[in-house]
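A.B. asks: Pasting a structure here, questions to come.
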Number of protein chains: 2
Amino acid sequence: MKALWLEDRALSMRDIPLPRRDDEALVRIALSGICGTDLELVRGYYPYTGVLGHEFVGEVVHSPDPAWVGARVCGGINVSCGTCDACRRGNPTHCEVRTVLGIVNRDGAHAEYVALPLENLCRVPESVPNDAAVFAEPIAAAVEILEQVEITADDRVLLVGAGRLGQLIAQVLATTHARLAVVARHEKQRALLHARNIDTILEKDVVPRHWDVVVEATGSPSGFELALRAVRPRGVFVLKSTYRGDLSLDISALVVDEITLIGSRCGPIDTALALLERGEIDPTPLIDARFPLARGLEAMGLAAEPGTMKVLIEP
Amino acid sequence: MKALWLEDRALSMRDIPLPRRDDEALVRIALSGICGTDLELVRGYYPYTGVLGHEFVGEVVHSPDPAWVGARVCGGINVSCGTCDACRRGNPTHCEVRTVLGIVNRDGAHAEYVALPLENLCRVPESVPNDAAVFAEPIAAAVEILEQVEITADDRVLLVGAGRLGQLIAQVLATTHARLAVVARHEKQRALLHARNIDTILEKDVVPRHWDVVVEATGSPSGFELALRAVRPRGVFVLKSTYRGDLSLDISALVVDEITLIGSRCGPIDTALALLERGEIDPTPLIDARFPLARGLEAMGLAAEPGTMKVLIEP
């Protein structure tokens, strides 16, 4: 099959064998989405060799349980062992020996087919089109915030960053009816948010030490600093981005202000699909372009350009 | 009255007027305790001019409500306005215009008398001697951890640091019956913990990524690093110390492991006194020396020596 391959920081289109395993489902990809993490892997932030891609929707064509064959599915990206300490504790996404689709030791979704265990799959509700379902994984990552932090309509919530993940986080946060404002640097980002009736705010207007919950989704040290300054004493600071290298931090200020800082990664795909089914979220305006898989390199090039939201790949 | 005065990083014994205010209680100090923060203020970590000291037990000699006169009391150190955003939210210890006894704009307790609003005072149960009650404030700071993090008997809890605050934190954590181990560098620290049937562990034996809850109480970058390494994915890291300057931190690791980092400061004095009354905690073995107030400079000198636990001052 054709696949977008990463090796030694170099991307190429390759013909590789089908990822067929008897104990896993084989999914024919309908659409895959390019994520910021794909770009970071190419930049070498983490070492990875294999097929890129971890956002997808597709159809099960082989399965150890035939009841799944023909199902339209999205998938959780962490493949866990079920027996380690983290798994037994009910944290399979933190499995100590996990593989991660297109990120850690497991070929990803920018390909014609992908293999995943059945327990990673979620059926896509009939009313949710592929163009929306392909966002299930990053929406789940946004939903993870609500699994970790209780946010009520009374809360003043600030989101810093309105890129491809930030836009989805904004929509998910908006479902809480909290008093939400989003720091969005670019006009296009603001327009997308305003179209969803989500308020934006300029960096200079962010009142420091004021916000009950602040979510950082820029991945830049300056965004991190802005976000940290904005949290009120006893407030919550959710970290939704990774950063290149270490950041310097005034830990004493966290102590004196009793700030809670929470790292947040993957979330529940089923909840994400339910939000899409109920129409509470619409990610499709974020689609900037779609490319056939054969033009995967071009797709990655466009996705890396500043200001690009979602680029999709169709095998 | 005599008082231990700090100005321009220099300590002196001074004769100053009584801190009499019509709307506050006047407390005659029976005992005050020297805290690590007192030493940090002398080192100039924070700017402060005035009487040092914020751990005390004493007797009310004047009060806007005469019912308090004669009461033996300890006191919360944060004096709040009651009307700011933080106060209205129920976080008076984070009052935006607070004064803090012996730390921020309010003369402290290493003196013959101290003034505090009635709402800051707690009556000391009859069975709790002054030698124990004088620890109410730092015990409350330790209790704050349990207000912020639910700890059960199943949890693996690591405390890094067994100095004067660490010893109290260890005793408070032990009340949860969690599987507690304390990193204690010095033989004296270990002996004090073992006498309370609290397990200690050597730094080299701390299994990384293993502990459900880790509490950092060393205030040193090396302690911080050890503690951070020890937290399991989705675990909780409680910061109980302040640090000189910024620390460098791999934020991405916090995100990937979904660590919760919680800053923790002052806690409830009444809960601390209740623990003392029930005999669940005994701080008195930590008392290394006591000095008359007139020898306050000597007391501070001894408290600053490595290995010293608690030094008390008697007016």
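Lettering and numbering for the structure tokens are positional, with chains as A, B, ... in the shown order, residues counted from 1 in each chain, and ligands counted from 1 in the shown order.
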Which neighbours of Leu247 of chain A fall inside 12 Å, counting only C-alpha atoms, when residues of the same chain fewer than 3 positions from it are skipped, and could you give them as a list of chain:residue names?
C.D. replies: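 My reading of the contact set: A:Gly219, A:Ser220, A:Pro221, A:Ser222, A:Gly223, A:Phe224, A:Glu225, A:Thr242, A:Tyr243, A:Arg244, A:Asp250, A:Ile251, B:Asp246, B:Leu247, B:Ser248, B:Leu249, B:Asp250, B:Ile251, B:Ser252, B:Ala253, B:Leu254.
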A.B. asks: Select from segment 33-261 of chain A everything DSSP, run on the backbone, classes as strand (DSSP E or B), then give the selection as a PyMOL selection string.
C.D. replies: chain A and resi 33+50-51+55-62+72-75+78-79+99-100+104+111+113-116+121-123+156-160+179-183+199-201+211-216+231-239+247-249+260-261
A.B. asks: May I ask which of the residues B:Val97, B:Leu31, B:Asp199, B:Ala115 is the closest one to Arg290 of chain B, counting only C-alpha atoms?
C.D. replies: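 Closest residue, counting only C-alpha atoms: B:Leu31.
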A.B. asks: Going by DSSP on the backbone, which residues of segment 5-211 of chain A come out as alpha helix (DSSP H)? List them as a ChimeraX atom specification.
C.D. replies: /A:36-42,85-88,130-133,136-148,164-174,187-195
A.B. asks: Point out the residue among B:Asn78, B:Asn91, B:Ser32, B:Gln189 with the least atom-to-atom distance to chain A, counting only C-alpha atoms.
C.D. replies: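 Among B:Asn78, B:Asn91, B:Ser32, B:Gln189, it is B:Asn91 that comes nearest to chain A.
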A.B. asks: Neighbouring residues of segment 5-15 of chain A were defined as those with any atom within 6 Å, considering only C-alpha atoms; residues of the same chain fewer than 4 positions away were excluded. Please report them as a list in words.
C.D. replies: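 Once the adjacent positions are removed, what remains is Met1, Val42, Gly44, Thr49, Gly50 and Val51 of chain A.
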